[in-house]
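Reproduced below: query_6.cif, with mmCIF, C-alpha atoms.
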data_data
#
loop_
_atom_site.label_atom_id
_atom_site.label_comp_id
_atom_site.auth_asym_id
_atom_site.auth_seq_id
_atom_site.Cartn_x
_atom_site.Cartn_y
_atom_site.Cartn_z
CA MET A 1 8.43 -26.01 -12.39
CA ARG A 2 12.23 -25.57 -12.26
CA GLN A 3 13.65 -24.25 -8.99
CA ASN A 4 15.21 -20.76 -9.04
CA ARG A 5 18.67 -21.21 -7.48
CA GLY A 6 19.43 -17.46 -7.50
CA VAL A 7 22.86 -15.94 -6.77
CA SER A 8 24.72 -15.00 -3.60
CA GLU A 9 25.31 -11.37 -2.55
CA ASN A 10 28.94 -11.46 -3.78
CA GLN A 11 28.24 -13.35 -6.99
CA GLU A 12 27.45 -11.66 -10.29
CA PRO A 13 24.43 -13.10 -12.15
CA ALA A 14 25.56 -15.46 -14.89
CA ALA A 15 25.39 -14.03 -18.38
CA LYS A 16 22.72 -15.61 -20.56
CA THR A 17 24.51 -17.97 -22.90
CA SER A 18 21.70 -20.03 -24.44
CA VAL A 19 18.26 -19.59 -25.88
CA ARG A 20 15.28 -21.30 -24.27
CA VAL A 21 12.74 -22.68 -26.74
CA GLY A 22 9.22 -23.21 -25.43
CA VAL A 23 7.13 -25.90 -27.10
CA ILE A 24 3.37 -25.79 -26.64
CA GLY A 25 2.09 -29.36 -26.66
CA GLY A 26 3.58 -32.39 -24.93
CA GLY A 27 3.30 -35.03 -27.65
CA GLN A 28 5.91 -37.05 -29.52
CA LEU A 29 6.98 -34.15 -31.72
CA ALA A 30 8.03 -32.17 -28.64
CA ARG A 31 9.72 -35.31 -27.28
CA MET A 32 11.80 -35.68 -30.44
CA MET A 33 12.93 -32.04 -30.25
CA VAL A 34 14.72 -32.67 -26.95
CA PRO A 35 17.86 -34.54 -28.18
CA PRO A 36 18.74 -32.01 -30.93
CA ALA A 37 18.09 -29.14 -28.50
CA ILE A 38 20.69 -30.66 -26.16
CA HIS A 39 23.16 -31.13 -29.04
CA LEU A 40 22.69 -27.51 -30.16
CA GLY A 41 23.14 -26.20 -26.63
CA LEU A 42 19.60 -24.87 -26.53
CA GLU A 43 17.39 -25.08 -23.48
CA ILE A 44 13.91 -26.48 -24.07
CA SER A 45 10.69 -26.28 -22.07
CA VAL A 46 7.35 -27.88 -22.82
CA LEU A 47 3.81 -26.87 -21.90
CA ALA A 48 2.13 -30.29 -21.69
CA GLU A 49 -1.62 -30.77 -21.66
CA THR A 50 -1.54 -33.41 -18.92
CA GLU A 51 0.93 -35.28 -16.72
CA GLY A 52 2.70 -38.27 -18.25
CA MET A 53 2.69 -37.14 -21.88
CA SER A 54 5.39 -38.16 -24.36
CA ALA A 55 7.52 -35.07 -23.71
CA GLU A 56 7.20 -35.21 -19.92
CA ARG A 57 11.00 -35.10 -19.50
CA ALA A 58 10.98 -31.49 -20.71
CA ALA A 59 7.55 -30.51 -19.35
CA ASP A 60 8.16 -27.55 -17.03
CA MET A 61 4.48 -26.67 -17.00
CA VAL A 62 1.22 -28.61 -17.32
CA GLY A 63 -1.91 -26.76 -18.36
CA ASP A 64 -4.54 -25.96 -20.96
CA TYR A 65 -3.12 -24.42 -24.15
CA ARG A 66 -6.57 -22.87 -24.74
CA ASP A 67 -6.34 -20.84 -21.51
CA PRO A 68 -4.75 -17.43 -22.22
CA GLU A 69 -3.18 -16.93 -18.78
CA THR A 70 -1.59 -20.38 -18.83
CA VAL A 71 0.01 -19.72 -22.21
CA TYR A 72 1.12 -16.20 -21.25
CA ALA A 73 2.75 -17.48 -18.05
CA PHE A 74 4.56 -20.23 -19.95
CA ALA A 75 5.75 -17.80 -22.63
CA GLU A 76 7.30 -15.55 -19.98
CA THR A 77 9.74 -18.36 -19.11
CA VAL A 78 11.11 -18.84 -22.64
CA ASP A 79 12.72 -16.82 -25.44
CA VAL A 80 10.81 -18.21 -28.41
CA VAL A 81 7.53 -20.13 -28.63
CA THR A 82 6.91 -22.94 -31.08
CA PHE A 83 4.48 -25.86 -31.30
CA ASP A 84 3.88 -29.60 -31.15
CA HIS A 85 0.46 -29.01 -32.76
CA GLU A 86 -1.52 -26.21 -34.46
CA HIS A 87 -4.44 -25.91 -32.04
CA VAL A 88 -3.50 -22.91 -29.87
CA PRO A 89 -6.22 -20.25 -30.37
CA HIS A 90 -5.22 -17.53 -32.80
CA ASP A 91 -6.09 -14.62 -30.50
CA ILE A 92 -3.74 -15.99 -27.80
CA LEU A 93 -0.87 -16.12 -30.26
CA ASN A 94 -1.59 -12.61 -31.53
CA GLU A 95 -1.46 -11.35 -27.95
CA LEU A 96 1.91 -13.06 -27.40
CA GLU A 97 3.30 -11.18 -30.39
CA ARG A 98 1.74 -7.94 -29.15
CA ARG A 99 3.66 -8.48 -25.89
CA GLY A 100 6.89 -8.79 -27.84
CA LYS A 101 7.32 -12.57 -27.65
CA ALA A 102 8.90 -14.38 -30.62
CA VAL A 103 6.38 -16.92 -31.96
CA HIS A 104 7.35 -19.31 -34.80
CA PRO A 105 5.55 -20.04 -36.97
CA ARG A 106 3.98 -16.62 -36.60
CA PRO A 107 0.19 -16.40 -36.11
CA HIS A 108 -0.44 -14.91 -39.55
CA ALA A 109 1.23 -17.99 -41.08
CA LEU A 110 -0.09 -20.61 -38.66
CA GLN A 111 -3.69 -19.67 -39.46
CA TYR A 112 -3.36 -21.50 -42.80
CA ALA A 113 -2.60 -24.76 -41.00
CA GLN A 114 -5.33 -24.13 -38.42
CA ASP A 115 -8.19 -23.44 -40.84
CA LYS A 116 -8.51 -25.52 -44.01
CA ILE A 117 -10.75 -22.98 -45.75
CA LEU A 118 -8.23 -20.18 -45.17
CA MET A 119 -5.58 -22.60 -46.42
CA ARG A 120 -7.48 -23.28 -49.66
CA GLU A 121 -8.05 -19.56 -50.20
CA LYS A 122 -4.34 -18.82 -49.74
CA LEU A 123 -3.17 -21.67 -51.95
CA ALA A 124 -5.53 -20.51 -54.68
CA GLU A 125 -4.13 -16.99 -54.33
CA LEU A 126 -0.59 -18.34 -54.65
CA GLY A 127 -1.54 -20.19 -57.83
CA VAL A 128 -0.35 -23.63 -56.75
CA PRO A 129 -2.32 -26.64 -58.04
CA ILE A 130 -5.11 -27.78 -55.70
CA PRO A 131 -8.28 -29.88 -56.00
CA ALA A 132 -11.56 -28.18 -56.92
CA TRP A 133 -13.13 -26.99 -53.66
CA ALA A 134 -15.85 -24.87 -52.06
CA ALA A 135 -16.83 -23.61 -48.62
CA VAL A 136 -20.41 -24.70 -47.95
CA ALA A 137 -22.77 -23.64 -45.17
CA ASP A 138 -25.74 -25.94 -45.83
CA GLU A 139 -26.78 -29.24 -47.38
CA ALA A 140 -28.09 -27.64 -50.56
CA ALA A 141 -24.74 -26.06 -51.40
CA LEU A 142 -22.93 -29.29 -50.59
CA GLN A 143 -25.23 -31.40 -52.74
CA ALA A 144 -24.79 -29.01 -55.64
CA PHE A 145 -21.00 -29.41 -55.42
CA ILE A 146 -21.29 -33.20 -55.21
CA ASP A 147 -23.55 -33.31 -58.26
CA GLU A 148 -21.19 -31.07 -60.23
CA ASN A 149 -18.10 -33.14 -59.35
CA GLY A 150 -18.88 -36.71 -60.28
CA GLY A 151 -21.37 -37.66 -57.57
CA ARG A 152 -18.86 -38.09 -54.73
CA ALA A 153 -16.75 -35.62 -52.77
CA VAL A 154 -14.53 -35.24 -49.71
CA VAL A 155 -15.97 -33.15 -46.87
CA LYS A 156 -13.72 -31.80 -44.12
CA THR A 157 -14.30 -29.82 -40.97
CA ALA A 158 -12.45 -26.53 -41.35
CA ARG A 159 -10.63 -26.81 -38.03
CA GLY A 160 -9.26 -29.51 -35.76
CA GLY A 161 -9.14 -32.59 -38.00
CA TYR A 162 -6.04 -34.81 -38.26
CA ASP A 163 -5.10 -38.44 -38.99
CA GLY A 164 -8.35 -39.03 -40.88
CA LYS A 165 -10.54 -37.36 -38.25
CA GLY A 166 -12.88 -34.66 -39.53
CA VAL A 167 -12.83 -36.14 -43.05
CA ARG A 168 -15.64 -38.02 -44.81
CA VAL A 169 -16.12 -39.22 -48.38
CA VAL A 170 -19.80 -38.72 -49.22
CA SER A 171 -22.25 -39.05 -52.08
CA GLN A 172 -25.19 -37.36 -50.33
CA ALA A 173 -25.17 -34.13 -48.34
CA ASP A 174 -27.16 -35.64 -45.48
CA GLU A 175 -24.14 -37.85 -44.65
CA VAL A 176 -22.66 -34.83 -42.81
CA ARG A 177 -25.93 -33.51 -41.39
CA ASP A 178 -24.49 -33.81 -37.88
CA TRP A 179 -21.59 -31.53 -38.86
CA PHE A 180 -23.95 -28.88 -40.20
CA ALA A 181 -25.99 -29.18 -37.00
CA ALA A 182 -22.85 -28.59 -34.95
CA LEU A 183 -22.08 -25.49 -37.01
CA ALA A 184 -25.62 -24.21 -36.46
CA GLU A 185 -25.23 -24.64 -32.69
CA ASP A 186 -22.06 -22.54 -32.74
CA ALA A 187 -22.96 -18.88 -32.33
CA ARG A 188 -20.20 -17.98 -34.81
CA GLY A 189 -21.69 -20.10 -37.60
CA GLY A 190 -19.21 -21.38 -40.15
CA PHE A 191 -18.57 -23.54 -43.18
CA LEU A 192 -17.47 -27.01 -44.14
CA LEU A 193 -14.81 -27.55 -46.80
CA VAL A 194 -15.79 -29.77 -49.72
CA GLU A 195 -13.30 -30.95 -52.33
CA GLU A 196 -13.34 -33.07 -55.44
CA LEU A 197 -12.51 -36.73 -54.84
CA VAL A 198 -9.08 -36.80 -56.47
CA ASP A 199 -8.17 -39.84 -58.57
CA PHE A 200 -4.64 -40.17 -57.24
CA THR A 201 -2.04 -42.90 -57.54
CA ARG A 202 -0.15 -42.08 -54.37
CA GLU A 203 0.46 -39.47 -51.69
CA LEU A 204 3.63 -37.41 -51.45
CA ALA A 205 5.07 -34.93 -48.98
CA GLN A 206 7.52 -32.10 -49.49
CA LEU A 207 9.18 -30.86 -46.30
CA ILE A 208 10.89 -27.51 -46.30
CA ALA A 209 12.36 -25.41 -43.49
CA ARG A 210 12.50 -21.62 -43.47
CA ARG A 211 14.06 -19.25 -40.96
CA PRO A 212 12.81 -15.70 -40.21
CA SER A 213 15.64 -14.17 -42.23
CA GLY A 214 14.37 -16.05 -45.30
CA GLU A 215 16.83 -18.94 -45.79
CA THR A 216 15.11 -22.15 -46.90
CA ARG A 217 16.23 -25.78 -47.17
CA ALA A 218 14.15 -28.66 -48.55
CA TRP A 219 14.38 -32.40 -47.93
CA PRO A 220 13.99 -34.86 -50.80
CA LEU A 221 10.40 -35.58 -51.77
CA VAL A 222 8.93 -38.57 -49.89
CA GLU A 223 6.07 -40.97 -50.52
CA THR A 224 3.59 -41.59 -47.71
CA ILE A 225 1.38 -44.66 -47.48
CA GLN A 226 -1.74 -44.45 -45.33
CA ARG A 227 -3.65 -47.07 -43.36
CA ASP A 228 -7.20 -46.13 -42.30
CA GLY A 229 -6.41 -42.44 -42.74
CA VAL A 230 -3.22 -42.64 -40.65
CA CYS A 231 0.34 -42.51 -42.01
CA ASP A 232 1.76 -46.04 -42.01
CA VAL A 233 4.93 -45.98 -44.16
CA VAL A 234 7.24 -43.25 -45.49
CA LEU A 235 9.66 -43.94 -48.35
CA ALA A 236 12.56 -41.51 -48.68
CA PRO A 237 13.28 -40.39 -51.26
CA ALA A 238 10.02 -41.07 -53.09
CA PRO A 239 10.52 -43.51 -55.97
CA VAL A 240 9.98 -41.41 -59.10
CA SER A 241 10.22 -42.42 -62.74
CA ASP A 242 9.96 -38.81 -63.89
CA PRO A 243 12.38 -36.31 -62.29
CA ALA A 244 9.90 -33.56 -63.18
CA THR A 245 7.64 -34.79 -60.37
CA ALA A 246 10.24 -34.09 -57.69
CA ALA A 247 11.10 -30.76 -59.30
CA GLU A 248 7.45 -29.72 -59.33
CA ALA A 249 6.97 -30.70 -55.69
CA ALA A 250 10.06 -28.70 -54.68
CA ARG A 251 8.79 -25.71 -56.68
CA ILE A 252 5.40 -25.87 -54.95
CA GLY A 253 7.00 -26.21 -51.51
CA ALA A 254 9.14 -23.12 -52.06
CA ILE A 255 6.17 -21.06 -53.29
CA VAL A 256 4.06 -22.07 -50.30
CA ALA A 257 6.81 -21.46 -47.72
CA GLU A 258 7.47 -17.97 -49.04
CA GLY A 259 3.82 -17.21 -49.74
CA VAL A 260 2.55 -17.97 -46.24
CA ASP A 261 5.73 -16.62 -44.55
CA ALA A 262 6.39 -19.94 -42.82
CA THR A 263 9.08 -20.20 -40.14
CA GLY A 264 10.23 -23.59 -38.92
CA VAL A 265 9.39 -26.84 -40.68
CA LEU A 266 6.55 -26.82 -43.20
CA ALA A 267 5.08 -30.06 -44.57
CA VAL A 268 3.21 -29.78 -47.86
CA GLU A 269 1.17 -32.96 -48.34
CA MET A 270 0.31 -33.72 -51.96
CA PHE A 271 -1.53 -36.08 -54.30
CA GLU A 272 0.07 -37.43 -57.48
CA THR A 273 -2.79 -37.94 -59.93
CA ARG A 274 -3.17 -40.59 -62.59
CA ASP A 275 -2.55 -37.97 -65.28
CA GLY A 276 0.77 -36.97 -63.71
CA ARG A 277 -0.21 -33.79 -61.88
CA VAL A 278 0.78 -32.91 -58.31
CA LEU A 279 -1.97 -31.31 -56.18
CA VAL A 280 -1.59 -29.83 -52.69
CA ASN A 281 -3.76 -31.59 -50.12
CA GLU A 282 -2.79 -30.27 -46.65
CA LEU A 283 -0.27 -28.08 -44.84
CA ALA A 284 1.38 -28.64 -41.45
CA MET A 285 3.60 -25.99 -39.84
CA ARG A 286 5.70 -28.07 -37.46
CA PRO A 287 7.75 -31.26 -37.67
CA HIS A 288 5.60 -33.86 -39.38
CA ASN A 289 5.16 -37.63 -39.45
CA SER A 290 6.41 -37.71 -43.05
CA GLY A 291 9.76 -36.36 -41.83
CA HIS A 292 10.53 -38.76 -38.98
CA PHE A 293 12.78 -40.74 -41.33
CA SER A 294 15.17 -37.77 -41.25
CA ILE A 295 16.43 -38.54 -37.71
CA GLU A 296 18.61 -41.31 -39.16
CA GLY A 297 18.03 -40.76 -42.87
CA SER A 298 19.14 -37.14 -43.30
CA ILE A 299 22.28 -35.20 -42.50
CA THR A 300 20.04 -32.75 -40.62
CA SER A 301 16.82 -34.07 -39.11
CA GLN A 302 13.58 -32.15 -39.26
CA PHE A 303 13.69 -31.70 -35.46
CA GLU A 304 17.15 -30.14 -35.45
CA GLN A 305 16.22 -28.02 -38.46
CA HIS A 306 13.03 -26.79 -36.82
CA LEU A 307 14.98 -25.64 -33.78
CA ARG A 308 17.58 -23.96 -35.97
CA ALA A 309 14.85 -22.22 -37.93
CA VAL A 310 12.76 -20.90 -35.02
CA THR A 311 15.91 -19.55 -33.34
CA ASP A 312 17.08 -18.08 -36.69
CA LEU A 313 20.28 -20.12 -36.81
CA PRO A 314 21.79 -21.09 -40.19
CA LEU A 315 20.02 -24.16 -41.53
CA GLY A 316 21.67 -27.55 -41.87
CA ASP A 317 22.08 -29.82 -44.89
CA PRO A 318 18.86 -31.86 -45.39
CA SER A 319 20.42 -34.27 -47.92
CA MET A 320 20.01 -38.01 -47.48
CA ALA A 321 22.63 -39.63 -45.23
CA ALA A 322 22.11 -42.95 -47.07
CA PRO A 323 20.59 -43.77 -50.45
CA PHE A 324 17.27 -44.79 -48.88
CA ALA A 325 15.38 -44.54 -45.60
CA VAL A 326 12.08 -46.18 -44.73
CA MET A 327 9.99 -45.27 -41.70
CA VAL A 328 7.11 -47.42 -40.47
CA ASN A 329 4.79 -46.22 -37.72
CA VAL A 330 3.98 -48.51 -34.82
CA LEU A 331 0.20 -48.28 -34.64
CA GLY A 332 -1.61 -49.70 -31.63
CA GLY A 333 1.32 -51.27 -29.83
CA PRO A 334 1.77 -54.47 -27.81
CA ALA A 335 -1.26 -55.82 -25.99
CA GLU A 336 0.76 -56.33 -22.82
CA GLY A 337 2.06 -52.78 -22.44
CA PRO A 338 4.26 -50.06 -23.95
CA MET A 339 6.81 -50.78 -26.67
CA PRO A 340 9.80 -51.60 -24.40
CA VAL A 341 8.12 -54.85 -23.29
CA ARG A 342 9.01 -56.22 -26.75
CA TYR A 343 12.56 -54.83 -26.92
CA PRO A 344 14.39 -58.08 -26.10
CA THR A 345 12.78 -59.85 -29.05
CA VAL A 346 12.59 -57.04 -31.62
CA LEU A 347 16.05 -55.57 -31.00
CA ALA A 348 17.65 -58.98 -31.26
CA ALA A 349 15.85 -59.84 -34.49
CA HIS A 350 16.37 -56.44 -36.18
CA PRO A 351 19.70 -54.91 -35.16
CA ALA A 352 19.71 -52.55 -38.17
CA ALA A 353 16.36 -50.99 -37.19
CA LYS A 354 16.27 -47.76 -35.20
CA ILE A 355 13.40 -47.93 -32.70
CA HIS A 356 11.62 -44.84 -31.36
CA SER A 357 9.12 -45.24 -28.53
CA TYR A 358 6.83 -42.32 -27.69
CA GLY A 359 6.23 -43.51 -24.12
CA LYS A 360 2.54 -44.12 -24.78
CA LEU A 361 0.31 -46.94 -23.60
CA PRO A 362 -1.08 -49.13 -26.40
CA ARG A 363 -4.44 -48.35 -27.95
CA PRO A 364 -5.91 -49.49 -31.29
CA GLY A 365 -4.78 -47.19 -34.10
CA ARG A 366 -2.66 -45.00 -31.82
CA LYS A 367 0.81 -43.90 -32.92
CA VAL A 368 2.98 -45.25 -30.12
CA GLY A 369 6.32 -45.14 -31.93
CA HIS A 370 8.10 -45.64 -35.21
CA VAL A 371 10.90 -47.69 -36.78
CA THR A 372 13.43 -46.47 -39.36
CA VAL A 373 15.85 -48.48 -41.47
CA VAL A 374 18.40 -46.91 -43.83
CA GLY A 375 20.43 -48.60 -46.53
CA ASP A 376 21.39 -49.03 -50.16
CA SER A 377 18.23 -50.92 -51.15
CA LEU A 378 14.74 -49.50 -50.80
CA GLU A 379 13.19 -52.96 -50.89
CA VAL A 380 15.47 -54.36 -48.18
CA ALA A 381 15.02 -51.31 -45.95
CA ARG A 382 11.25 -51.44 -46.35
CA ALA A 383 11.03 -55.15 -45.55
CA GLU A 384 13.24 -54.78 -42.47
CA ALA A 385 11.39 -51.73 -41.15
CA ARG A 386 8.03 -53.43 -41.69
CA ALA A 387 9.13 -56.58 -39.91
CA ALA A 388 10.52 -54.63 -36.95
CA ALA A 389 7.39 -52.50 -36.59
CA ASP A 390 5.21 -55.62 -36.81
CA GLY A 391 7.17 -57.04 -33.89
CA PHE A 392 5.40 -54.50 -31.69
CA ALA A 393 1.90 -55.38 -32.95
#

Give the structure from the file, written as structure tokens.
Amino acid sequence: MRQNRGVSENQEPAAKTSVRVGVIGGGQLARMMVPPAIHLGLEISVLAETEGMSAERAADMVGDYRDPETVYAFAETVDVVTFDHEHVPHDILNELERRGKAVHPRPHALQYAQDKILMREKLAELGVPIPAWAAVADEAALQAFIDENGGRAVVKTARGGYDGKGVRVVSQADEVRDWFAALAEDARGGFLLVEELVDFTRELAQLIARRPSGETRAWPLVETIQRDGVCDVVLAPAPVSDPATAAEAARIGAIVAEGVDATGVLAVEMFETRDGRVLVNELAMRPHNSGHFSIEGSITSQFEQHLRAVTDLPLGDPSMAAPFAVMVNVLGGPAEGPMPVRYPTVLAAHPAAKIHSYGKLPRPGRKVGHVTVVGDSLEVARAEARAAADGFA
């Protein structure tokens, strides 16, 4: 914890001149909020889950975000609470608001990123295009949906899944029998989400920021390329042959941001189907992997914009700072240690690449950092970013 230096008897207390933003969660998203907070003159504190996390430089408290008293104590030290992830229990966030604390995104909005069934219900209410779906409580209901939708379907746990976790493509209901058993063991019961298996050509993401007073700003549509359910490459802006695709994605993003009353950065992940439609897949209410390119690739990065939004400052220009930007995640990392062990080789070979290390030890499939290259050619930027990221493999 920070030391309280206090004031002398003859010294007036200093007037408060800056806002302190509290980030719950000590991962790489919190880490990447620190530089823009410094540039904006904001103070930033992090509630980290454990010692040594990515955002440890700003971690003024370590504790369990699921423990109410830990979260309440942390919130008392800051002016506004925001998040590195969506997993803080809803009742804790409601209590923070009841106590008068500013929480962004607000609990009534964040619930749609926390619970995929609530998300699907809300998106259907808003009238945006989504895959066919159902909430199912048993194998019989799931099998009926599978049989009615081509013999295969995507099943998701309603809460907690990310980066391919909590998602299975199935043709028989008994392939998720263990998930139904887990629901049965939970005294609250519950449902699984099942969706049609969409025949898509690629995945897209529309990022948009919204401040409490209602101003919104959207980044250009991006294309995301996955590897084993984890984001591998982001192309910004997304190559599109039909400008209507980008216009439709922007329209959907604006409807969703207003409809759920989002504050901060909202990522709307989408499928582009073979017949040219755009369908909403997932929502994330925080800075998102699909927006990391914006640190170098945009006039205003998603991290700066998120801080502006949650403190209700005027939003910055999200336009591209160069014609193209390509981000490639570093997945796994060097066998001999964290990313910096390879810096002498990679930095020398790829001086145009911007390297971001998350301070994590290597582990198969783990996001330990990312590389971004900007330029006038998408192909050149992509090849250079790929080569630089592979230097850390």

Practice problem: Any chance you could resolve the PyMOL selection byres ((chain A and resi 313) around 12) against this file and give the residues as an MDAnalysis selection string? | Solution: chainID A and resid 19 40 42 209:216 263:264 304:312 314:316

Exercise. Starting from the displayed file, determine the output of the PyMOL selection byres ((chain A and resi 266-282) around 8) and express the residue list as a PyMOL selection string.
Key: chain A and resi 113+116+128-131+198-210+245+248-249+253+257+262-265+283-288+290

Practice problem: Pull out every residue that the PyMOL selection byres ((chain A and resi 289) around 12) matches in the shown coordinates and put them as a ChimeraX atom specification. | Solution: /A:28-29,32,84-85,162-163,205-207,222-226,230-235,265-269,284-288,290-295,302-303,327-330,367,369-371

Within 9 Å of Val80 of chain A, counting all atoms listed in the file, which residues show up once you throw out same-chain ones fewer than 3 positions away? Write them as a short mmCIF file (atom, residue, chain, number, x, y, z; two decimals) with C-alpha atoms, keeping the file's coordinate frame, please.
data_model
loop_
_atom_site.label_atom_id
_atom_site.label_comp_id
_atom_site.auth_asym_id
_atom_site.auth_seq_id
_atom_site.Cartn_x
_atom_site.Cartn_y
_atom_site.Cartn_z
CA VAL A 19 18.26 -19.59 -25.88
CA ARG A 20 15.28 -21.30 -24.27
CA VAL A 21 12.74 -22.68 -26.74
CA GLY A 22 9.22 -23.21 -25.43
CA VAL A 23 7.13 -25.90 -27.10
CA ALA A 75 5.75 -17.80 -22.63
CA LYS A 101 7.32 -12.57 -27.65
CA ALA A 102 8.90 -14.38 -30.62
CA VAL A 103 6.38 -16.92 -31.96
CA HIS A 104 7.35 -19.31 -34.80
CA VAL A 310 12.76 -20.90 -35.02
CA THR A 311 15.91 -19.55 -33.34
#

Quiz item: How many Å separate atom CA of Leu126 of chain A from atom CA of Gly259 of chain A?
Solution: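 Those two atoms sit 6.7 Å apart.
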
Using the file's own x, y and z axes, so that the box edges lie along x, y and z, what centre and edge lengths in Å (one decimal) does a box around every listed atom of segment 321-338 of chain A get when 4 Å is added on each side? Give it as lines of an AutoDock Vina configuration file.
center_x = 10.5
center_y = -48.0
center_z = -36.4
size_x = 32.2
size_y = 24.7
size_z = 36.0

Self-check item: Distance criterion (all atoms listed in the file): nearest to Asn149 of chain A out of A:Ile255, A:Ala137, A:Val326, A:Leu197
Solution: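 Under the stated criterion, the closest residue is A:Leu197.
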
Exercise. Would you list the contacts of Pro338 of chain A as a VMD selection string, taking every protein, DNA or RNA residue within 7 Å and counting only C-alpha atoms, but skipping same-chain residues closer than 5 positions in sequence?
Key: chain A and resid 333 359 to 362

Practice problem: To one decimal in Å, tell me the separation between atom CA of Asp261 of chain A and atom CA of Gly25 of chain A. | Solution: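 Computing the Euclidean distance for atom CA of Asp261 of chain A and atom CA of Gly25 of chain A yields 22.3 Å.
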
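Proximity ranking of A:Met320, A:Ala144, A:Ala184, A:Ile24 relative to Ala218 of chain A places A:Met320 first, based on only C-alpha atoms.
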
Quiz item: Got a sec: who's within 8 Å of segment 340-344 of chain A, counting all atoms listed in the file, leaving out chain neighbours fewer than 6 positions off, as a PyMOL selection string?
Solution: chain A and resi 334+357+391-392

Quiz item: Around (-20.1, -26.7, -47.8) in the file's frame, which residues reach within 6 Å when counting all atoms listed in the file? Return as a count of residues only?
Solution: 9

Exercise. Please provide as a ChimeraX atom specification all residues within 9 Å of Gly297 of chain A, with the sequence filter that same-chain residues fewer than 3 positions apart are discarded (counting all atoms listed in the file).
Key: /A:236,292-294,300-301,319-326,372-375

Self-check item: Atom-to-atom span, atom CA of Ser54 of chain A and atom CA of Glu95 of chain A, Å
Solution: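 That distance, rounded to one decimal, is 27.9 Å.
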